[in-house]
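Next comes input04.cif, with mmCIF, C-alpha atoms.
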```cif
data_model
#
loop_
_atom_site.label_atom_id
_atom_site.label_comp_id
_atom_site.auth_asym_id
_atom_site.auth_seq_id
_atom_site.Cartn_x
_atom_site.Cartn_y
_atom_site.Cartn_z
CA MET E 194 50.43 15.37 125.74
CA PRO E 195 48.70 14.89 122.35
CA SER E 196 47.36 11.56 121.19
CA ASN E 197 49.04 11.78 117.76
CA SER E 198 52.57 11.45 119.10
CA PRO E 199 54.82 9.33 116.85
CA CYS E 200 54.93 6.61 119.47
CA ASN E 201 52.41 5.54 122.05
CA CYS E 202 54.29 7.05 124.96
CA PRO E 203 52.92 10.50 125.85
CA ASP E 204 52.81 9.46 129.51
CA ALA E 205 56.49 8.47 129.38
CA VAL E 206 57.43 11.91 128.07
CA LYS E 207 55.37 13.64 130.72
CA THR E 208 56.86 11.45 133.46
CA ALA E 209 60.38 12.17 132.21
CA ALA E 210 59.78 15.90 132.64
CA SER E 211 57.77 15.77 135.86
CA ALA E 212 60.58 15.09 138.35
CA SER E 213 62.53 18.23 137.44
CA LEU E 214 59.33 20.30 137.47
CA SER E 215 58.53 18.96 140.93
CA ASP E 216 61.99 20.00 142.14
CA PHE E 217 61.55 23.47 140.68
CA ARG E 218 58.11 23.88 142.26
CA SER E 219 59.57 22.77 145.59
CA SER E 220 62.16 25.53 145.31
CA LEU E 221 59.39 28.01 144.48
CA ALA E 222 57.47 26.90 147.57
CA THR E 223 60.58 27.45 149.71
CA ALA E 224 61.05 30.90 148.20
CA VAL E 225 57.38 31.77 148.83
CA GLY E 226 57.76 30.87 152.50
CA LEU E 227 60.90 32.95 152.87
CA LEU E 228 59.37 35.93 151.07
CA ARG E 229 56.27 35.82 153.25
CA THR E 230 58.45 35.82 156.34
CA SER E 231 60.44 38.79 155.00
CA LEU E 232 57.22 40.65 154.22
CA ALA E 233 55.92 40.02 157.74
CA HIS E 234 59.13 41.57 159.13
CA VAL E 235 58.80 44.61 156.88
CA THR E 236 55.16 45.20 157.85
CA GLY E 237 55.73 44.38 161.53
CA ASP E 238 53.04 41.68 161.53
CA THR E 239 54.19 39.60 164.53
CA SER E 240 51.36 37.06 164.18
CA LYS E 241 52.46 36.30 160.61
CA GLN E 242 56.08 36.19 161.72
CA GLN E 243 55.18 33.53 164.27
CA GLU E 244 53.03 31.59 161.80
CA PHE E 245 55.75 31.42 159.14
CA ALA E 246 58.51 30.75 161.67
CA GLU E 247 56.55 27.83 163.15
CA LYS E 248 56.08 26.36 159.69
CA SER E 249 59.82 26.65 159.09
CA LEU E 250 60.76 25.06 162.41
CA GLY E 251 58.29 22.18 162.13
CA SER E 252 56.41 20.16 164.74
CA PHE E 253 59.52 19.22 166.73
CA ALA E 254 59.91 22.85 167.89
CA SER E 255 56.32 23.10 169.12
CA GLY E 256 56.35 23.92 172.84
CA ARG E 257 60.14 23.89 172.92
CA ILE E 258 61.20 27.00 170.96
CA ASP E 259 59.73 30.50 170.97
CA ALA E 260 59.22 30.87 167.23
CA VAL E 261 59.22 34.68 167.18
CA ARG E 262 62.38 34.96 169.30
CA PHE E 263 64.05 32.34 167.12
CA GLU E 264 63.05 34.29 164.00
CA HIS E 265 64.53 37.47 165.47
CA PHE E 266 67.75 35.57 166.12
CA ALA E 267 67.88 33.77 162.77
CA THR E 268 66.84 36.61 160.46
CA ASN E 269 68.93 39.66 159.69
CA LYS E 270 66.01 42.09 159.59
CA THR E 271 68.26 45.12 159.56
CA SER E 272 69.01 44.37 155.91
CA VAL E 273 65.31 44.66 154.97
CA VAL E 274 64.31 48.28 154.41
CA ALA E 275 60.67 49.30 154.67
CA SER E 276 60.53 50.27 150.99
CA ALA E 277 61.18 46.63 150.09
CA GLY E 278 57.61 45.67 150.99
CA PRO E 279 55.99 46.35 147.57
CA VAL E 280 58.85 44.60 145.77
CA ILE E 281 58.52 41.53 148.00
CA GLU E 282 54.76 41.47 147.35
CA ARG E 283 55.33 41.54 143.58
CA ALA E 284 57.93 38.80 143.87
CA LEU E 285 55.43 36.71 145.84
CA ASP E 286 52.86 37.17 143.09
CA VAL E 287 55.36 35.95 140.48
CA MET E 288 56.37 32.89 142.51
CA VAL E 289 52.77 31.89 143.21
CA GLU E 290 51.80 32.42 139.56
CA LEU E 291 54.60 30.13 138.40
CA MET E 292 53.65 27.51 140.99
CA ASP E 293 50.03 27.60 139.81
CA ALA E 294 51.01 27.22 136.14
CA GLY E 295 51.40 23.45 136.56
CA ASP E 296 52.57 21.47 133.53
CA SER E 297 52.09 24.44 131.22
CA LEU E 298 55.23 25.92 132.73
CA ASN E 299 57.49 23.40 131.00
CA GLN E 300 55.26 21.70 128.39
CA VAL E 301 54.52 23.78 125.30
CA THR E 302 53.52 23.34 121.64
CA LEU E 303 55.23 24.80 118.59
CA GLN E 304 52.48 25.83 116.21
CA GLU E 305 52.81 25.90 112.43
CA GLY E 306 54.85 28.92 111.40
CA GLN E 307 56.39 29.50 114.82
CA ASN E 308 60.14 29.54 115.44
CA LEU E 309 61.45 26.80 117.74
CA ARG E 310 64.25 28.87 119.23
CA CYS E 311 61.91 31.80 119.93
CA LEU E 312 59.41 29.51 121.65
CA LEU E 313 62.11 28.03 123.87
CA SER E 314 63.46 31.49 124.62
CA ARG E 315 60.00 32.74 125.70
CA THR E 316 59.45 29.66 127.85
CA LEU E 317 62.76 30.18 129.63
CA LYS E 318 62.12 33.91 130.06
CA ASN E 319 58.89 33.04 131.84
CA ILE E 320 60.51 30.46 134.11
CA GLY E 321 63.35 32.90 134.69
CA ARG E 322 60.92 35.38 136.22
CA ALA E 323 61.42 33.45 139.47
CA PHE E 324 65.13 34.27 139.39
CA GLY E 325 64.45 37.84 138.27
CA ALA E 326 61.98 38.37 141.11
CA ALA E 327 64.47 36.94 143.61
CA HIS E 328 67.13 39.33 142.30
CA ALA E 329 64.71 42.27 142.59
CA VAL E 330 64.09 41.37 146.24
CA GLU E 331 67.82 41.25 146.93
CA LEU E 332 68.18 44.73 145.44
CA ALA E 333 65.18 46.03 147.43
CA LYS E 334 66.47 44.64 150.70
CA ALA E 335 69.72 46.49 150.14
CA GLY E 336 67.88 49.68 149.21
CA LEU E 337 69.17 49.50 145.61
CA TYR E 338 65.94 48.71 143.74
CA ASN E 339 65.01 51.26 141.06
CA GLU E 340 61.59 50.85 139.43
CA ALA E 341 62.60 52.31 136.08
CA GLU E 342 65.66 50.10 135.85
CA HIS E 343 64.54 46.86 137.52
CA ALA E 344 60.79 46.49 136.91
CA GLY E 345 61.49 44.26 133.90
CA LEU E 346 62.87 41.56 136.21
CA PHE E 347 59.28 40.58 137.05
CA GLU E 348 58.28 40.22 133.37
CA ALA E 349 61.17 38.21 131.94
CA TYR E 350 64.69 37.14 132.85
CA LEU E 351 66.95 36.30 129.90
CA TYR E 352 68.62 32.89 129.96
CA LYS E 353 72.00 34.48 129.19
CA ASN E 354 71.81 36.19 132.61
CA TRP E 355 71.17 32.97 134.56
CA ASN E 356 73.99 31.74 136.78
CA SER E 357 75.14 28.10 136.93
CA ALA E 358 72.90 27.23 139.92
CA GLN E 359 69.85 28.54 138.06
CA ARG E 360 70.75 26.61 134.90
CA ASN E 361 70.98 23.45 136.99
CA LEU E 362 67.57 24.04 138.55
CA VAL E 363 65.50 24.76 135.40
CA PRO E 364 62.96 21.99 134.70
CA THR E 365 63.15 19.83 131.59
CA ILE E 366 61.23 21.51 128.75
CA VAL E 367 58.90 19.41 126.55
CA ILE E 368 58.02 20.87 123.15
CA GLU E 369 55.47 19.21 120.87
CA LEU E 370 56.24 20.09 117.27
CA ALA E 371 53.26 20.75 115.04
CA ASN E 372 55.89 22.08 112.62
CA SER E 373 58.07 18.99 112.14
CA GLY E 374 60.69 20.72 110.05
CA ALA E 375 61.76 23.15 112.77
CA GLN E 376 65.44 23.98 112.95
CA THR E 377 67.15 22.52 116.02
CA THR E 378 70.75 23.56 115.48
CA ASN E 379 70.29 26.98 117.09
CA LEU E 380 69.10 25.37 120.33
CA GLY E 381 72.70 24.62 121.22
CA GLU E 382 73.13 27.96 123.02
CA TYR E 383 70.65 26.82 125.68
CA ILE E 384 72.09 23.36 126.33
CA ASP E 385 74.13 24.03 129.45
CA GLY E 386 74.32 23.04 133.11
CA HIS E 387 71.73 20.32 133.74
CA PHE E 388 69.21 21.82 131.32
CA LYS E 389 67.35 19.39 129.05
CA VAL E 390 64.82 19.64 126.22
CA ILE E 391 62.56 16.90 124.84
CA LEU E 392 61.12 17.46 121.36
CA VAL E 393 58.06 15.41 120.35
CA TYR E 394 57.81 15.13 116.56
CA GLY E 395 54.83 14.28 114.39
CA GLU E 396 54.93 11.80 111.52
CA ASP E 397 56.60 14.21 109.09
CA CYS E 398 59.98 14.29 110.76
CA PRO E 399 63.48 14.79 109.30
CA PRO E 400 65.48 11.54 109.42
CA ALA E 401 68.18 12.97 111.72
CA PRO E 402 66.95 16.20 113.38
CA LEU E 403 69.49 16.14 116.22
CA ALA E 404 72.61 14.98 114.39
CA ARG E 405 74.27 18.41 114.39
CA LEU E 406 73.84 18.86 118.14
CA ILE E 407 76.16 15.99 119.07
CA SER E 408 79.03 17.33 121.20
CA PRO E 409 81.26 15.70 123.84
CA GLY E 410 79.43 16.71 127.03
CA VAL E 411 75.82 16.66 125.78
CA LEU E 412 73.51 13.64 125.97
CA VAL E 413 71.67 13.49 122.64
CA LEU E 414 68.86 10.97 122.16
CA GLN E 415 66.56 10.11 119.25
CA THR E 416 64.02 7.46 120.23
CA SER E 417 60.80 6.18 118.69
CA ASP E 418 59.63 4.09 121.65
CA CYS E 419 60.71 6.39 124.51
CA LEU E 420 63.30 3.89 125.69
CA GLY E 421 66.24 5.78 127.09
CA LEU E 422 64.27 8.72 128.48
CA ASP E 423 64.78 7.59 132.08
CA ASP E 424 68.54 7.52 131.56
CA PHE E 425 68.30 10.83 129.72
CA VAL E 426 66.69 12.70 132.61
CA SER E 427 68.97 11.08 135.21
CA PHE E 428 72.09 12.34 133.42
CA GLN E 429 73.79 15.03 135.53
CA GLY E 430 74.54 17.26 132.59
CA PRO E 431 72.89 18.95 129.60
CA GLY E 432 70.86 17.06 127.02
CA ILE E 433 68.41 17.17 124.14
CA ALA E 434 66.08 14.33 123.16
CA ALA E 435 63.66 13.82 120.29
CA VAL E 436 60.75 11.39 120.20
CA VAL E 437 60.58 10.54 116.51
CA PRO E 438 58.52 8.21 114.26
CA GLN E 439 59.83 4.81 113.18
CA ALA E 440 60.85 6.24 109.80
CA ALA E 441 63.52 8.41 111.45
CA ALA E 442 66.94 7.38 112.77
CA ARG E 443 67.38 6.27 116.39
CA PHE E 444 70.53 6.67 118.44
CA ALA E 445 71.97 7.85 121.74
CA HIS E 446 75.10 9.90 122.30
CA ASP E 447 76.03 9.32 125.95
CA PRO E 448 79.02 11.30 127.34
CA ARG E 449 79.39 8.79 130.18
CA ARG E 450 80.40 5.94 127.89
CA GLY E 451 83.90 7.04 126.98
CA SER E 452 86.29 9.65 125.69
CA THR E 453 85.89 8.93 121.96
CA LEU E 454 82.92 9.76 119.78
CA ALA E 455 82.63 6.15 118.64
CA ALA E 456 82.40 4.95 122.24
CA ARG E 457 79.74 7.53 123.11
CA MET E 458 77.46 6.63 120.19
CA VAL E 459 75.03 3.88 121.13
CA GLY E 460 72.45 1.84 119.20
CA ILE E 461 72.41 3.69 115.88
CA GLU E 462 69.48 2.48 113.78
CA LEU E 463 69.09 4.05 110.35
CA PRO E 464 66.00 3.89 108.11
CA GLY E 465 66.59 2.03 104.86
CA ALA E 466 64.89 4.63 102.69
CA PRO E 467 64.93 8.00 104.45
CA GLN E 468 62.46 10.57 103.14
CA PHE E 469 64.02 13.89 102.16
CA HIS E 470 61.82 16.80 101.14
CA PRO E 471 61.82 20.48 102.07
CA ARG E 472 60.53 21.03 105.60
CA ALA E 473 60.07 24.46 107.17
CA GLY E 474 63.56 25.90 107.27
CA LEU E 475 65.29 22.66 106.26
CA SER E 476 66.45 22.02 102.71
CA ILE E 477 66.86 18.55 101.22
CA GLY E 478 70.63 19.11 101.20
CA GLN E 479 70.74 19.92 104.92
CA GLN E 480 68.76 16.82 105.80
CA GLN E 481 70.99 14.64 103.60
CA GLN E 482 74.09 16.02 105.32
CA ASP E 483 72.65 15.32 108.76
CA PHE E 484 71.79 11.76 107.76
CA ALA E 485 75.23 11.25 106.20
CA GLN E 486 76.77 12.29 109.53
CA LEU E 487 74.89 9.49 111.28
CA GLN E 488 75.88 7.01 108.58
CA ALA E 489 79.53 7.87 109.15
CA LEU E 490 79.13 7.50 112.90
CA ALA E 491 77.33 4.16 112.50
CA SER E 492 80.26 2.77 110.51
CA ALA E 493 82.60 3.74 113.36
CA GLU E 494 80.35 2.58 116.21
CA THR E 495 82.14 0.39 118.78
CA PRO E 496 80.70 -2.11 121.28
CA ALA E 497 79.30 -0.65 124.48
CA VAL E 498 81.85 -0.01 127.21
CA GLU E 499 81.44 0.47 130.91
CA HIS E 500 80.88 4.02 132.06
CA SER E 501 84.09 5.88 132.75
CA GLN E 502 85.08 6.32 136.38
CA THR E 503 85.29 10.04 135.65
CA ALA E 504 81.70 10.19 134.45
CA ILE E 505 79.36 12.28 136.58
CA SER E 506 77.66 9.99 139.04
CA ALA E 507 73.90 9.56 138.94
CA ASN E 508 73.56 7.94 142.37
CA PRO E 509 70.89 9.39 144.68
CA VAL E 510 73.35 11.05 147.07
CA ASP E 511 75.08 13.00 144.28
CA LYS E 512 71.74 13.89 142.72
CA LEU E 513 70.52 15.26 146.07
CA ALA E 514 73.69 17.29 146.49
CA ALA E 515 73.33 18.77 143.01
CA PHE E 516 69.68 19.60 143.69
CA LEU E 517 70.46 21.36 146.97
CA LEU E 518 73.19 23.38 145.29
CA GLY E 519 70.73 24.35 142.59
CA LYS E 520 68.23 25.55 145.18
CA ALA E 521 70.73 27.80 146.91
CA HIS E 522 70.01 30.96 144.91
CA LEU E 523 66.27 31.04 145.59
CA GLU E 524 66.74 30.17 149.25
CA GLU E 525 68.87 33.27 149.71
CA VAL E 526 65.87 35.55 149.23
#
```

Go ahead and express the file in the form of structure tokens.
Amino acid sequence: MPSNSPCNCPDAVKTAASASLSDFRSSLATAVGLLRTSLAHVTGDTSKQQEFAEKSLGSFASGRIDAVRFEHFATNKTSVVASAGPVIERALDVMVELMDAGDSLNQVTLQEGQNLRCLLSRTLKNIGRAFGAAHAVELAKAGLYNEAEHAGLFEAYLYKNWNSAQRNLVPTIVIELANSGAQTTNLGEYIDGHFKVILVYGEDCPPAPLARLISPGVLVLQTSDCLGLDDFVSFQGPGIAAVVPQAAARFAHDPRRGSTLAARMVGIELPGAPQFHPRAGLSIGQQQQDFAQLQALASAETPAVEHSQTAISANPVDKLAAFLLGKAHLEEV
């Protein structure tokens, strides 16, 4: 992350996004193994079948289970037509490419003049190629793949086509904003499932960039010291966070804290003399309205309450269950 972040916490931002990226890469690795096994079946390469089956079974099966016979028993090869081979190979290339992308997969920079929504859309289209490639393999295995119709699945996969499991699996996206006046209100269409975005602002930041994104089920966080990011990423639901300079407002809207807006708003800190001037796409009037919204919420803020019993649990067992459910789609390839 850049050294000119508004607070001295680039490592904290990177750490906050790394766990979800690690989970996603783990799912990609699982998919790569399954695709390689499928390809070995299509090509009739028994040595590769045994190699991949042994890796799947692990060391406990060594000397106890005939890996190839087990693979014949466990895999429904009749559903894999020979013509699926080239499609599986292309899907493998996509999965490996995304695995090799590292942090660049979910950490991007909005350059001056770029559109924030378009950048996020392109980032998600790229990540979605994993889901598109998996879908192409499913079609090929069933003999339904058509190059003219389905080739685009390997190039991009629109977020609107993602199912709920895929939206739960997508890694947290970090966007550094060189253009500090970028509009954030049109990001709301992407905040779904467990998907989260962290925006890292420069010094010239609107006082309340996320005020209009506050809604009952979304965790919204503006922080200048990165406190709250751990709780942000552990939330089992959608969220958007902004790392802002000290001159901007700080607050958290936590859906787990209660049923009323006042109960969900936590730690509102407002600058005494907010700076309003036109920023790319944001008028002075828009910024004043956003800040006035936070002022109204601050006047209604209530003391912290215990998390509701109906709040989504963040304990390790529930988190593991949610992760495994999220992996299900890729593991079906």

Can you turn the PyMOL selection byres ((chain E and resi 306) around 10) into a concrete residue list for this file, as a compact mmCIF listing (two decimals) with C-alpha atoms, keeping the file's coordinate frame?
```txt
# COMPACT_ATOMS: atom_id res chain seq x y z
CA LEU E 303 55.23 24.80 118.59
CA GLN E 304 52.48 25.83 116.21
CA GLU E 305 52.81 25.90 112.43
CA GLN E 307 56.39 29.50 114.82
CA ASN E 308 60.14 29.54 115.44
CA LEU E 309 61.45 26.80 117.74
CA ALA E 371 53.26 20.75 115.04
CA ASN E 372 55.89 22.08 112.62
CA ALA E 375 61.76 23.15 112.77
CA ALA E 473 60.07 24.46 107.17
```

**Q.** Asp423 of chain E environment, 10 Å, all atoms listed in the file, sequence neighbours closer than 6 positions dropped, as a PyMOL selection string
**A.** chain E and resi 205-206+208-210

Q: Work out how far atom CA of Gly395 of chain E is from atom CA of Pro471 of chain E, in Å to one decimal.
A: 15.5 Å

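Considering all atoms listed in the file, the residue among E:Asp483, E:Ile366, E:Gln468, E:Gly386 positioned nearest to Leu403 of chain E is E:Asp483.
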
**Q.** 9 Å contact set for Val363 of chain E, only C-alpha atoms, chain neighbours under 6 positions out, as a list in words
**A.** Ser213, Leu214, Asp216, Phe217, Leu317, Ile320, Gly321, His387, Phe388, Lys389 and Gly519 of chain E

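Checking E:Tyr394, E:Trp355, E:Phe444, E:Phe347 one by one against Ile407 of chain E, counting only C-alpha atoms, you find the shortest gap at E:Phe444.
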
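Each of E:Ser314, E:Lys334, E:Leu475, E:Ala323 was checked against Val280 of chain E using all atoms listed in the file; the smallest atom-to-atom distance is that of E:Lys334.
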
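The space separating atom CA of Ser357 of chain E from atom CA of Leu412 of chain E comes to 18.2 Å.
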
Q | Residue among E:Ala466, E:Ala284, E:Ala344, E:Cys398 lying closest to Pro438 of chain E, counting all atoms listed in the file | A | E:Cys398

Q | Of the listed residues E:Gly430, E:Pro400, E:Pro409, E:Pro448, that which approaches Gly465 of chain E most closely, counting all atoms listed in the file | A | E:Pro400

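Between atom CA of Arg315 of chain E and atom CA of Arg360 of chain E there is a distance of 15.4 Å.
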
Q: For Ala275 of chain E, list every protein, DNA or RNA residue within 12 Å, evaluated using all atoms listed in the file, and leave out those in the same chain fewer than 4 positions away; present the list as an MDAnalysis selection string.
A: chainID E and resid 231:237 270:271 279:281 333:336

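The shortest atom-to-atom distance to Asp424 of chain E, with only C-alpha atoms taken into account, belongs to E:Ala445 out of E:Leu337, E:Ala440, E:Ala445, E:Val393.
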
List the residues matched by the PyMOL selection byres ((chain E and resi 421) around 12) in the displayed structure as an mmCIF file with C-alpha atoms, keeping the file's coordinate frame, ordered by chain and then by residue number.
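Saved as selection24.cif:
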```cif
data_model
loop_
_atom_site.group_PDB
_atom_site.id
_atom_site.type_symbol
_atom_site.label_atom_id
_atom_site.label_comp_id
_atom_site.auth_asym_id
_atom_site.auth_seq_id
_atom_site.Cartn_x
_atom_site.Cartn_y
_atom_site.Cartn_z
ATOM 1 C CA ALA E 205 56.490 8.470 129.380
ATOM 2 C CA VAL E 206 57.430 11.910 128.070
ATOM 3 C CA ALA E 209 60.380 12.170 132.210
ATOM 4 C CA ILE E 391 62.560 16.900 124.840
ATOM 5 C CA LEU E 412 73.510 13.640 125.970
ATOM 6 C CA VAL E 413 71.670 13.490 122.640
ATOM 7 C CA LEU E 414 68.860 10.970 122.160
ATOM 8 C CA GLN E 415 66.560 10.110 119.250
ATOM 9 C CA THR E 416 64.020 7.460 120.230
ATOM 10 C CA SER E 417 60.800 6.180 118.690
ATOM 11 C CA ASP E 418 59.630 4.090 121.650
ATOM 12 C CA CYS E 419 60.710 6.390 124.510
ATOM 13 C CA LEU E 420 63.300 3.890 125.690
ATOM 14 C CA LEU E 422 64.270 8.720 128.480
ATOM 15 C CA ASP E 423 64.780 7.590 132.080
ATOM 16 C CA ASP E 424 68.540 7.520 131.560
ATOM 17 C CA PHE E 425 68.300 10.830 129.720
ATOM 18 C CA VAL E 426 66.690 12.700 132.610
ATOM 19 C CA SER E 427 68.970 11.080 135.210
ATOM 20 C CA PHE E 428 72.090 12.340 133.420
ATOM 21 C CA ILE E 433 68.410 17.170 124.140
ATOM 22 C CA ALA E 434 66.080 14.330 123.160
ATOM 23 C CA ALA E 435 63.660 13.820 120.290
ATOM 24 C CA VAL E 436 60.750 11.390 120.200
ATOM 25 C CA ARG E 443 67.380 6.270 116.390
ATOM 26 C CA PHE E 444 70.530 6.670 118.440
ATOM 27 C CA ALA E 445 71.970 7.850 121.740
ATOM 28 C CA HIS E 446 75.100 9.900 122.300
ATOM 29 C CA ASP E 447 76.030 9.320 125.950
ATOM 30 C CA VAL E 459 75.030 3.880 121.130
ATOM 31 C CA GLY E 460 72.450 1.840 119.200
#
```

Q) Which residues match the PyMOL selection byres ((chain E and resi 292-295) around 12) in the file above, as a ChimeraX atom specification? A) /E:210-211,214-225,285-291,296-301,319-320,322-323,364
